[in-house]
Every structure is written in structure tokens, then in C-alpha cells.
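File shown here: my_file02.cif, holding mmCIF, C-alpha atoms and all ligand atoms.
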data_coords
loop_
_atom_site.label_atom_id
_atom_site.label_comp_id
_atom_site.auth_asym_id
_atom_site.auth_seq_id
_atom_site.Cartn_x
_atom_site.Cartn_y
_atom_site.Cartn_z
CA VAL A 7 34.83 8.40 47.54
CA SER A 8 31.38 8.93 46.05
CA THR A 9 29.55 6.34 43.97
CA ALA A 10 28.66 6.88 40.32
CA ARG A 11 25.03 7.59 39.44
CA ARG A 12 23.24 7.39 36.13
CA GLY A 13 21.62 10.48 34.71
CA VAL A 14 20.54 12.27 31.57
CA VAL A 15 21.91 15.58 30.25
CA LEU A 16 19.16 18.21 30.12
CA ARG A 17 21.16 21.20 28.88
CA GLY A 18 24.61 22.64 28.77
CA ALA A 19 26.24 26.05 28.61
CA GLY A 20 29.80 27.19 29.01
CA GLY A 21 31.10 23.73 29.83
CA VAL A 22 28.60 23.19 32.66
CA TRP A 23 26.06 20.44 32.02
CA HIS A 24 22.79 20.01 33.87
CA VAL A 25 22.28 16.34 34.62
CA LEU A 26 19.08 14.83 36.04
CA ASP A 27 19.97 11.71 37.98
CA GLU A 28 17.77 8.65 38.31
CA THR A 29 16.53 9.76 41.74
CA GLY A 30 15.26 13.04 40.28
CA ARG A 31 18.08 15.25 41.54
CA LEU A 32 19.57 17.88 39.29
CA HIS A 33 23.37 18.24 39.22
CA ARG A 34 25.73 20.70 37.63
CA ALA A 35 28.50 18.63 36.13
CA ALA A 36 31.62 19.04 34.05
CA LEU A 37 33.17 16.74 31.50
CA LYS A 38 36.81 15.80 31.94
CA GLY A 39 38.97 15.72 28.83
CA ARG A 40 39.90 12.07 29.08
CA VAL A 41 36.19 11.04 29.10
CA LYS A 42 35.77 12.65 25.70
CA LEU A 43 38.83 10.85 24.39
CA ALA A 44 37.90 7.47 25.84
CA SER A 45 34.45 7.38 24.29
CA GLY A 46 35.25 9.22 21.07
CA LEU A 47 31.99 11.10 21.56
CA LYS A 48 31.23 14.71 22.20
CA LEU A 49 28.65 15.08 24.92
CA ALA A 50 25.20 16.17 23.73
CA VAL A 51 21.89 17.05 25.32
CA GLY A 52 19.95 13.81 25.79
CA ASP A 53 23.01 11.71 26.49
CA GLY A 54 22.88 9.16 29.26
CA VAL A 55 25.88 9.56 31.56
CA THR A 56 27.29 8.41 34.84
CA ILE A 57 28.33 11.16 37.22
CA ARG A 58 30.30 11.37 40.42
CA ALA A 59 29.14 13.92 42.95
CA ALA A 60 31.76 16.38 44.14
CA ALA A 61 33.41 15.61 47.46
CA SER A 62 32.72 19.01 49.01
CA GLY A 63 29.80 20.73 47.36
CA GLY A 64 31.62 21.58 44.13
CA ILE A 65 30.64 20.63 40.63
CA ALA A 66 30.02 16.94 39.83
CA SER A 67 32.07 15.19 37.19
CA ILE A 68 30.82 13.18 34.26
CA ALA A 69 32.55 9.81 34.39
CA GLU A 70 31.12 8.08 31.34
CA ILE A 71 28.90 8.69 28.29
CA LEU A 72 26.53 5.75 27.74
CA PRO A 73 25.87 4.34 24.25
CA ARG A 74 23.28 6.22 22.17
CA ARG A 75 20.14 4.73 20.69
CA SER A 76 19.69 7.60 18.22
CA SER A 77 21.13 10.98 17.33
CA LEU A 78 19.79 14.04 15.60
CA VAL A 79 22.76 15.25 13.62
CA ARG A 80 23.59 18.45 11.82
CA ARG A 81 26.18 18.00 9.09
CA ALA A 82 28.13 20.14 6.75
CA PRO A 83 26.56 19.14 3.41
CA GLY A 84 28.26 16.25 1.67
CA ARG A 85 30.77 15.60 4.41
CA ALA A 86 31.15 13.37 7.41
CA ARG A 87 33.47 15.88 9.06
CA GLY A 88 31.86 18.74 10.94
CA GLU A 89 29.02 16.54 12.12
CA ARG A 90 27.40 17.78 15.29
CA VAL A 91 24.96 15.82 17.44
CA VAL A 92 22.24 18.26 18.43
CA VAL A 93 20.22 15.85 20.58
CA ALA A 94 20.98 12.25 21.53
CA ASN A 95 18.44 9.52 22.28
CA LEU A 96 15.38 11.17 20.75
CA ASP A 97 12.41 8.91 20.05
CA GLN A 98 10.52 11.23 17.76
CA VAL A 99 10.19 14.63 16.17
CA VAL A 100 6.84 16.34 16.70
CA VAL A 101 6.19 19.02 14.11
CA VAL A 102 3.55 21.58 15.06
CA PHE A 103 1.73 23.81 12.58
CA ALA A 104 -1.50 25.78 12.76
CA MET A 105 -4.41 25.21 10.42
CA ILE A 106 -4.58 28.98 9.97
CA LYS A 107 -3.12 32.02 11.75
CA PRO A 108 -0.49 31.38 10.58
CA ASP A 109 -1.29 29.15 7.58
CA ALA A 110 0.57 25.85 7.60
CA HIS A 111 3.69 26.07 5.47
CA ARG A 112 3.89 22.73 3.67
CA ARG A 113 7.43 23.07 2.34
CA MET A 114 8.67 23.82 5.83
CA LEU A 115 6.77 20.82 7.16
CA ASP A 116 8.38 18.62 4.50
CA ARG A 117 11.80 19.93 5.50
CA PHE A 118 11.24 18.98 9.15
CA LEU A 119 10.03 15.53 8.11
CA VAL A 120 13.07 14.98 5.88
CA ILE A 121 15.43 15.88 8.72
CA ALA A 122 13.63 13.37 10.97
CA GLU A 123 13.71 10.61 8.32
CA ALA A 124 17.36 11.21 7.46
CA ASN A 125 18.18 10.69 11.14
CA ASP A 126 16.03 7.53 11.35
CA LEU A 127 13.64 9.20 13.75
CA ALA A 128 9.89 8.75 13.83
CA ALA A 129 7.85 11.89 13.24
CA ARG A 130 4.32 12.95 14.00
CA ILE A 131 2.49 16.04 12.87
CA VAL A 132 0.26 18.32 14.93
CA VAL A 133 -2.21 20.59 13.14
CA ASN A 134 -3.33 23.02 15.83
CA LYS A 135 -6.04 25.72 15.94
CA ILE A 136 -8.59 23.53 14.17
CA ASP A 137 -11.27 25.50 16.03
CA LEU A 138 -10.59 28.17 13.41
CA ALA A 139 -11.55 25.79 10.57
CA SER A 140 -13.43 22.53 10.26
CA VAL A 141 -11.85 19.16 10.98
CA ALA A 142 -12.99 18.02 7.52
CA GLU A 143 -11.07 20.89 5.96
CA ALA A 144 -7.98 20.09 8.02
CA ARG A 145 -8.16 16.38 7.16
CA ALA A 146 -8.48 17.18 3.47
CA ARG A 147 -5.45 19.44 3.58
CA PHE A 148 -3.22 16.93 5.39
CA SER A 149 -4.51 13.64 3.99
CA ASP A 150 -1.37 13.11 1.90
CA TYR A 151 0.69 13.01 5.11
CA GLU A 152 -1.63 10.38 6.56
CA ALA A 153 -1.38 8.45 3.29
CA ALA A 154 2.42 8.63 3.56
CA GLY A 155 2.13 6.94 6.96
CA TYR A 156 2.46 9.84 9.39
CA THR A 157 0.26 10.21 12.44
CA VAL A 158 -1.47 13.58 12.20
CA HIS A 159 -3.05 15.06 15.33
CA TYR A 160 -5.76 17.65 14.76
CA THR A 161 -5.84 19.75 17.91
CA SER A 162 -7.28 22.83 19.50
CA CYS A 163 -6.22 24.41 22.76
CA ARG A 164 -9.58 26.20 22.78
CA THR A 165 -11.84 23.13 22.55
CA ALA A 166 -9.31 20.53 23.82
CA GLU A 167 -10.00 18.44 20.73
CA GLY A 168 -7.23 15.95 19.98
CA LEU A 169 -5.32 16.68 23.19
CA ASP A 170 -5.79 13.24 24.78
CA ALA A 171 -4.37 11.45 21.75
CA LEU A 172 -1.44 13.86 21.56
CA HIS A 173 -0.81 13.36 25.28
CA GLN A 174 -0.60 9.60 24.69
CA GLY A 175 1.74 10.17 21.77
CA LEU A 176 4.19 12.07 24.00
CA GLN A 177 3.98 9.80 27.04
CA ALA A 178 7.17 7.99 28.06
CA ARG A 179 8.96 9.17 24.93
CA THR A 180 11.62 11.78 24.27
CA SER A 181 10.17 14.17 21.70
CA ALA A 182 11.70 17.12 19.92
CA LEU A 183 8.91 19.64 19.58
CA THR A 184 9.32 22.05 16.73
CA GLY A 185 7.42 24.35 14.41
CA PRO A 186 7.19 28.05 13.59
CA SER A 187 6.44 30.54 16.33
CA GLY A 188 2.81 31.46 16.90
CA VAL A 189 1.35 28.05 16.03
CA GLY A 190 0.59 27.20 19.66
CA LYS A 191 3.46 25.04 20.92
CA SER A 192 3.56 26.69 24.35
CA SER A 193 -0.25 26.70 24.55
CA LEU A 194 -0.37 22.97 23.75
CA LEU A 195 2.20 22.11 26.40
CA ASN A 196 0.39 24.22 28.98
CA ALA A 197 -2.91 22.55 28.08
CA LEU A 198 -1.38 19.07 28.21
CA TYR A 199 0.57 19.60 31.44
CA PRO A 200 -1.28 22.20 33.49
CA GLY A 201 0.72 23.60 36.35
CA LEU A 202 3.98 22.65 34.74
CA THR A 203 5.82 25.77 33.71
CA LEU A 204 7.53 24.60 30.57
CA ARG A 205 9.41 27.38 28.95
CA VAL A 206 9.83 25.58 25.67
CA GLY A 207 10.38 28.08 22.92
CA ALA A 208 10.04 31.12 25.13
CA LEU A 209 13.64 31.07 26.23
CA SER A 210 15.18 30.48 22.84
CA GLU A 211 12.87 32.94 21.12
CA SER A 212 13.76 35.77 23.47
CA VAL A 213 17.47 34.97 23.48
CA ASN A 214 17.57 34.75 19.71
CA LYS A 215 15.84 38.01 19.09
CA GLY A 216 17.99 40.26 16.97
CA ARG A 217 21.00 37.96 17.14
CA HIS A 218 22.53 35.29 15.01
CA THR A 219 23.46 32.99 17.85
CA THR A 220 21.99 29.52 17.97
CA VAL A 221 20.92 28.40 21.39
CA GLY A 222 21.51 24.75 22.16
CA ALA A 223 18.80 22.19 22.73
CA SER A 224 17.24 21.77 26.17
CA MET A 225 15.23 18.88 27.59
CA HIS A 226 12.27 19.19 29.92
CA PRO A 227 11.05 16.19 31.94
CA LEU A 228 7.32 15.48 31.70
CA PRO A 229 5.31 14.64 34.83
CA ASP A 230 4.12 11.28 33.51
CA GLY A 231 7.38 10.11 31.98
CA GLY A 232 9.34 11.15 28.95
CA PHE A 233 10.80 14.50 27.91
CA VAL A 234 10.09 17.28 25.50
CA VAL A 235 13.12 18.76 23.85
CA ASP A 236 13.32 22.27 22.55
CA THR A 237 15.64 22.41 19.54
CA PRO A 238 15.70 26.05 18.47
CA GLY A 239 18.15 25.41 15.63
CA LEU A 240 15.74 22.98 13.98
CA ARG A 241 13.55 25.91 13.03
CA GLU A 242 16.23 27.47 10.87
CA ILE A 243 15.69 27.13 7.16
CA GLY A 244 17.73 24.43 5.52
CA LEU A 245 18.14 20.70 5.32
CA TRP A 246 20.94 20.38 7.84
CA GLY A 247 23.21 18.84 5.27
CA VAL A 248 20.96 15.91 4.33
CA PRO A 249 22.79 14.49 1.28
CA SER A 250 20.89 14.63 -2.01
CA ASP A 251 21.21 10.87 -2.48
CA LEU A 252 19.43 10.29 0.85
CA LEU A 253 16.53 12.53 -0.04
CA GLY A 254 14.33 10.08 -1.96
CA ASP A 255 14.43 7.67 0.95
CA SER A 256 13.49 10.48 3.32
CA PHE A 257 9.97 10.62 1.81
CA PRO A 258 8.28 7.38 3.00
CA GLU A 259 5.87 7.25 0.05
CA LEU A 260 8.79 7.57 -2.40
CA ARG A 261 10.89 5.07 -0.50
CA ALA A 262 8.02 2.57 -0.72
CA ARG A 263 8.07 2.76 -4.54
CA ARG A 264 11.78 2.83 -5.20
CA GLY A 265 11.95 -0.96 -5.65
CA ARG A 266 9.59 -0.65 -8.62
CA CYS A 267 11.66 1.97 -10.45
CA GLN A 268 13.55 0.63 -13.47
CA PHE A 269 16.88 1.88 -12.10
CA ALA A 270 18.04 1.00 -8.61
CA ASP A 271 19.56 4.46 -8.13
CA CYS A 272 16.56 6.27 -9.63
CA ARG A 273 16.29 9.89 -8.43
CA HIS A 274 12.67 10.09 -9.62
CA GLU A 275 13.26 12.92 -12.05
CA ALA A 276 13.13 12.07 -15.76
CA GLU A 277 14.40 8.50 -15.69
CA PRO A 278 12.48 5.94 -17.75
CA GLY A 279 10.32 3.50 -15.81
CA CYS A 280 10.16 5.65 -12.66
CA ALA A 281 7.45 4.30 -10.35
CA VAL A 282 7.29 7.59 -8.45
CA VAL A 283 6.60 9.71 -11.53
CA ALA A 284 3.98 7.11 -12.57
CA GLY A 285 2.46 7.30 -9.09
CA VAL A 286 2.17 11.08 -9.30
CA ALA A 287 0.54 10.79 -12.75
CA CYS A 288 -2.24 8.57 -11.38
CA ALA A 289 -2.50 10.58 -8.11
CA GLU A 290 -1.32 7.70 -5.95
CA VAL A 291 1.60 9.88 -4.87
CA SER A 292 0.83 13.43 -3.74
CA GLY A 293 1.87 15.96 -6.37
CA GLU A 294 2.57 18.51 -3.66
CA ARG A 295 4.87 16.17 -1.77
CA TYR A 296 6.62 15.27 -5.02
CA ALA A 297 7.08 18.97 -5.81
CA SER A 298 8.64 19.39 -2.36
CA TYR A 299 10.98 16.50 -3.09
CA ARG A 300 12.13 18.08 -6.35
CA LYS A 301 12.66 21.44 -4.73
CA LEU A 302 14.61 20.00 -1.79
CA LEU A 303 16.65 17.85 -4.19
CA GLU A 304 17.75 20.98 -6.06
CA GLU A 305 18.53 22.69 -2.78
CA ALA A 306 20.61 19.75 -1.50
CA ARG A 307 22.59 19.58 -4.75
CA GLU A 308 23.16 23.31 -4.71
CA SER A 309 24.62 23.20 -1.20
CA GLU A 310 26.79 20.20 -2.16
CA ARG A 311 28.19 22.26 -5.07
CA VAL A 312 28.94 25.15 -2.75
CA TRP A 313 30.72 22.91 -0.29
N1 LIG A 401 -7.81 29.79 18.15
C1 LIG A 401 -6.76 29.19 18.70
N2 LIG A 401 -5.71 29.93 19.12
C2 LIG A 401 -4.66 29.29 19.68
C3 LIG A 401 -4.62 27.88 19.83
N3 LIG A 401 -3.45 27.55 20.39
C4 LIG A 401 -2.77 28.68 20.59
N4 LIG A 401 -3.49 29.76 20.18
C5 LIG A 401 -3.08 31.17 20.22
O1 LIG A 401 -2.00 31.36 19.32
C6 LIG A 401 -1.07 32.32 19.81
C7 LIG A 401 0.35 31.74 19.83
O2 LIG A 401 0.39 30.67 20.76
P1 LIG A 401 1.75 30.17 21.43
O3 LIG A 401 1.42 29.01 22.30
O4 LIG A 401 2.47 31.31 22.07
O5 LIG A 401 2.58 29.71 20.15
P2 LIG A 401 4.11 29.24 20.04
O6 LIG A 401 4.87 30.43 19.56
O7 LIG A 401 4.12 28.15 19.03
O8 LIG A 401 4.54 28.77 21.39
C8 LIG A 401 -1.57 32.70 21.19
O9 LIG A 401 -2.28 33.92 21.07
C9 LIG A 401 -2.53 31.58 21.57
O10 LIG A 401 -3.54 32.00 22.43
C10 LIG A 401 -5.76 27.13 19.37
O11 LIG A 401 -5.83 25.90 19.43
N5 LIG A 401 -6.79 27.84 18.81
MG MG A 402 6.12 29.42 22.52
ZN ZN A 403 12.06 6.58 -9.67
#
Could you write out this file's structure as C-alpha cells?
Amino acid sequence: VSTARRGVVLRGAGGVWHVLDETGRLHRAALKGRVKLASGLKLAVGDGVTIRAAASGGIASIAEILPRRSSLVRRAPGRARGERVVVANLDQVVVVFAMIKPDAHRRMLDRFLVIAEANDLAARIVVNKIDLASVAEARARFSDYEAAGYTVHYTSCRTAEGLDALHQGLQARTSALTGPSGVGKSSLLNALYPGLTLRVGALSESVNKGRHTTVGASMHPLPDGGFVVDTPGLREIGLWGVPSDLLGDSFPELRARRGRCQFADCRHEAEPGCAVVAGVACAEVSGERYASYRKLLEEARESERVW
């Protein structure tokens, strides 16, 4: 009889899960039906598990799913049913954009940040390719995110600017790295971890080409501790079913003012005594971020009507 080992699920396909055990060995493992029932959980990438090696070279079995410290969830809008955990045990979402080529898409950035906030996950922003502009220009364009409390890394793979700080930000954490294609995600990872052939993005991009299939998340261990997680589905347009009444609290600078609104359930639209609207009027709250909030609020309500 083999002993149980702890491990973490790196990826899964067709009922076979790749589990990295605590000694650094990779196992192919399968989940038995009664494990699912006992825990009430569906296994997800990022889950901590215990596995039992197969007696004679076959596939290992997953004996137990360990409690989660966080989960990145995709919901059907307005419903608890149909919830799917995309990645378990993430520490942060790292959203990568380019200063130019392609131009940073602020609404898309706000969408990623809302998804992180709605899942109680920290987020940091990377503005790459700053060699193609000035740092002053980049800082001016993203200052409202810094004011909202986000860490913004200004980086260049060409000059290596900002890479040390980003490296520290990823160390010993599990980070979902996301952003549009062409902004430099693969280049950043190759610059940060030379010699490590991380295929983040490459795999999902090629598999997705011309198809409507969504490829599941995959985790990649980093040489100095921590993981980067590729979550291809996160790049799809949409709010992932973030309920409209959670939206105001998913903008940190709006959340900080809510207590000063006249109404406790203020949606920061046309209500009297709204501290957010007042903040926008005196430029203490970014007008662009507020415009994003209003647009995403409409979008969330629209999908709730449809559902
Ligand atoms: N000028 C400049 N180009 C970059 C930088 N980082 C990446 N690139 C280029 O941008 C293109 C897309 O990079 P890639 O890493 O494949 O982006 P990904 O799709 O996000 O993984 C490539 O031609 C890179 O050489 C940067 O910091 N500065
Ligand atoms: Mg790439
Ligand atoms: Zn308000």
C-alpha cells in the first residue's frame, strides 16, 4: 500500500490531472467519484490534493481535495448555480498591457480588475513596452490606477526597466497572468526567467485559433517559488457574471467612498448625496474609471435581464 502525498494540480484534460507533488515529481492522476462527493467540490487547477501512487505504474489516484484559500469563479449572471471554479488558490491577477503597439485598452483593463476584485483577489498592472514612450507619459496615463491603490509596473523587455520589481511581485505567489495578445507576456516571462521555457499563452493561442473552444487554465512552477497561471478564458470579453450589485465595490476608489453616500445601497448614478458623483465633479475620482463603472453596470444589468 502506497502512502499519500501532497501535491498541486497544474492542469487537467480528459479526466487526467497533472499533479506536482511536494518533492517536485509530476504525476498523472485521476479523481474517483466518491472524492468529489465527499468534499462537495469539483477539482480545479490550483487545488491542493493528496494523491496515492499507483501500485504498478498505472495512473495515480487523487484521495482528497484540500481546503481552498481563494477561487477565481465564473458564474452564470445573477445565479449561484452554474458556478465554475477556473483556478483555485490564486494570490493575484497580473494584468499586462502595452503602452503602445497595441495601445492599452482601458475598458478591458477595468474589466480584468473588476473580475479580480469580485473574487477577492489582489491585482497588479503591468504597462509594458515603455521604451516606445516616456515613463512620464506612461505614469500620466495610468496615475488613476495608482490613485485607486493598484501597483503599476512600468516595464520594458528591451531596456529591462521595471523587471526587478515585477520579479519580486511574482516571487512565491501564484499569479494569473493575463492581457491581450501582442503586449509582451511571453517576452516578459522569458526576460524574467531566462532558460525556462514557459509556454504561457502560446499553447492556448494556437489551440484557440479558429475555434470556439475554451482551453482550461494551466499552472507553471517558477524557479524561485510560486506559479504563473495561464487563464485563456479570462481574456474573453465579459464580466464573468459579476452581479451588478457587486460592481460598485469592485472599484476600490468607489468602495472607499460608499460610506459617505446618502443612501447605503447607492449605485452612484443619479441618487442625491452621492459621494462618488461628487468626487468625479471635483476630480478626486477618475472620470474615466467612473465612465467604465457606468458602462459595466449597464452591461451587468443587461446580462441579468437576459438570464
Ligand atoms: N519595443 C518593445 N517590444 C516588445 C516588448 N516586449 C515585447 N515586445 C514585442 O512585442 C511582440 C509581442 O510579444 P509577445 O511576448 O509575443 O506578446 P504576448 O502575445 O503578450 O505573449 C513581440 O514582437 C515582442 O518582441 C517591449 O518591452 N518593448
Ligand atoms: Mg505569448
Ligand atoms: Zn453613491
State, in Å with one decimal place, the distance from CA of Ala166 in chain A to atom C2 of ligand LIG 401 (chain A).
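Straight-line distance from CA of Ala166 in chain A to atom C2 of ligand LIG 401 (chain A) works out to 10.7 Å.
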Interatomic distance (Å, one decimal) between CA of Tyr299 in chain A and CA of Asp116 in chain A:
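Calculated distance between CA of Tyr299 in chain A and CA of Asp116 in chain A is 8.3 Å.
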Please identify all polymer residues within 12 Å of Ala284 in chain A, counting all atoms listed in the file, omitting same-chain residues fewer than 3 positions from it, and present them as a ChimeraX atom specification.
/A:260,263-264,266-268,274-281,287-293,296
Could you tell me how far CA of Lys135 in chain A lies from CA of Gln177 in chain A, in Å and to one decimal?
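Distance between the two atoms: 21.8 Å.
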Exercise answer, 12 Å around ligand LIG 401 (chain A) with all atoms listed in the file, as a ChimeraX atom specification
/A:101-109,132-139,159-169,183-198,204-212,236,238,241
Closest of A:Gly52, A:Gly63, A:Gly239, A:Pro229 to His173 in chain A - atom-to-atom distances counting all atoms listed in the file
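Between A:Gly52, A:Gly63, A:Gly239, A:Pro229, the residue approaching His173 in chain A most closely is A:Pro229.
Each of A:Ala19, A:Ala124, A:Ala154, A:Ala262 was checked against ligand ZN 403 (chain A) using all atoms listed in the file; the smallest atom-to-atom distance is that of A:Ala262.
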If we count all atoms listed in the file, what is near Gly232 in chain A at a cut-off of 12 Å, once residues fewer than 4 positions away on the same chain are taken out, given as a VMD selection string?
chain A and resid 14 52 95 to 98 173 to 182 225 to 228
Around the point (19.1, 22.0, 3.8) (coordinates from the file), which residues reach within 9 Å if we count only C-alpha atoms? Answer as number ranges by chain.
A: 83, 117, 121, 243-249, 302, 305-306, 309
Please identify all polymer residues within 12 Å of Leu37 in chain A, counting all atoms listed in the file, omitting same-chain residues fewer than 5 positions from it, and present them as a list in words.
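Listing them by chain and then by number gives Val15, Gly18, Ala19, Gly20, Gly21, Val22, Trp23, His24, Val25, Lys42, Leu43, Ala44, Ser45, Leu47, Lys48, Leu49, Ala50, Val55, Thr56, Ile57, Arg58, Ile65, Ala66, Ser67, Ile68, Ala69, Glu70 and Ile71 of chain A.
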Please report, as JSON, the centre and edge lengths in Å to one decimal of an axis-aligned box covering all listed atoms of range 185-194 of chain A with 3 Å per side.
{"center_x": 3.5, "center_y": 27.2, "center_z": 19.1, "size_x": 13.8, "size_y": 14.5, "size_z": 17.0}
As an MDAnalysis selection string, please: the residues near Thr29 in chain A (cut-off 12 Å, all atoms listed in the file, same-chain neighbours under 6 positions excluded).
chainID A and resid 11:14
If you count all atoms listed in the file, the residue of A:His111, A:Arg295, A:Val282, A:Leu252 closest to ligand ZN 403 (chain A) turns out to be A:Val282
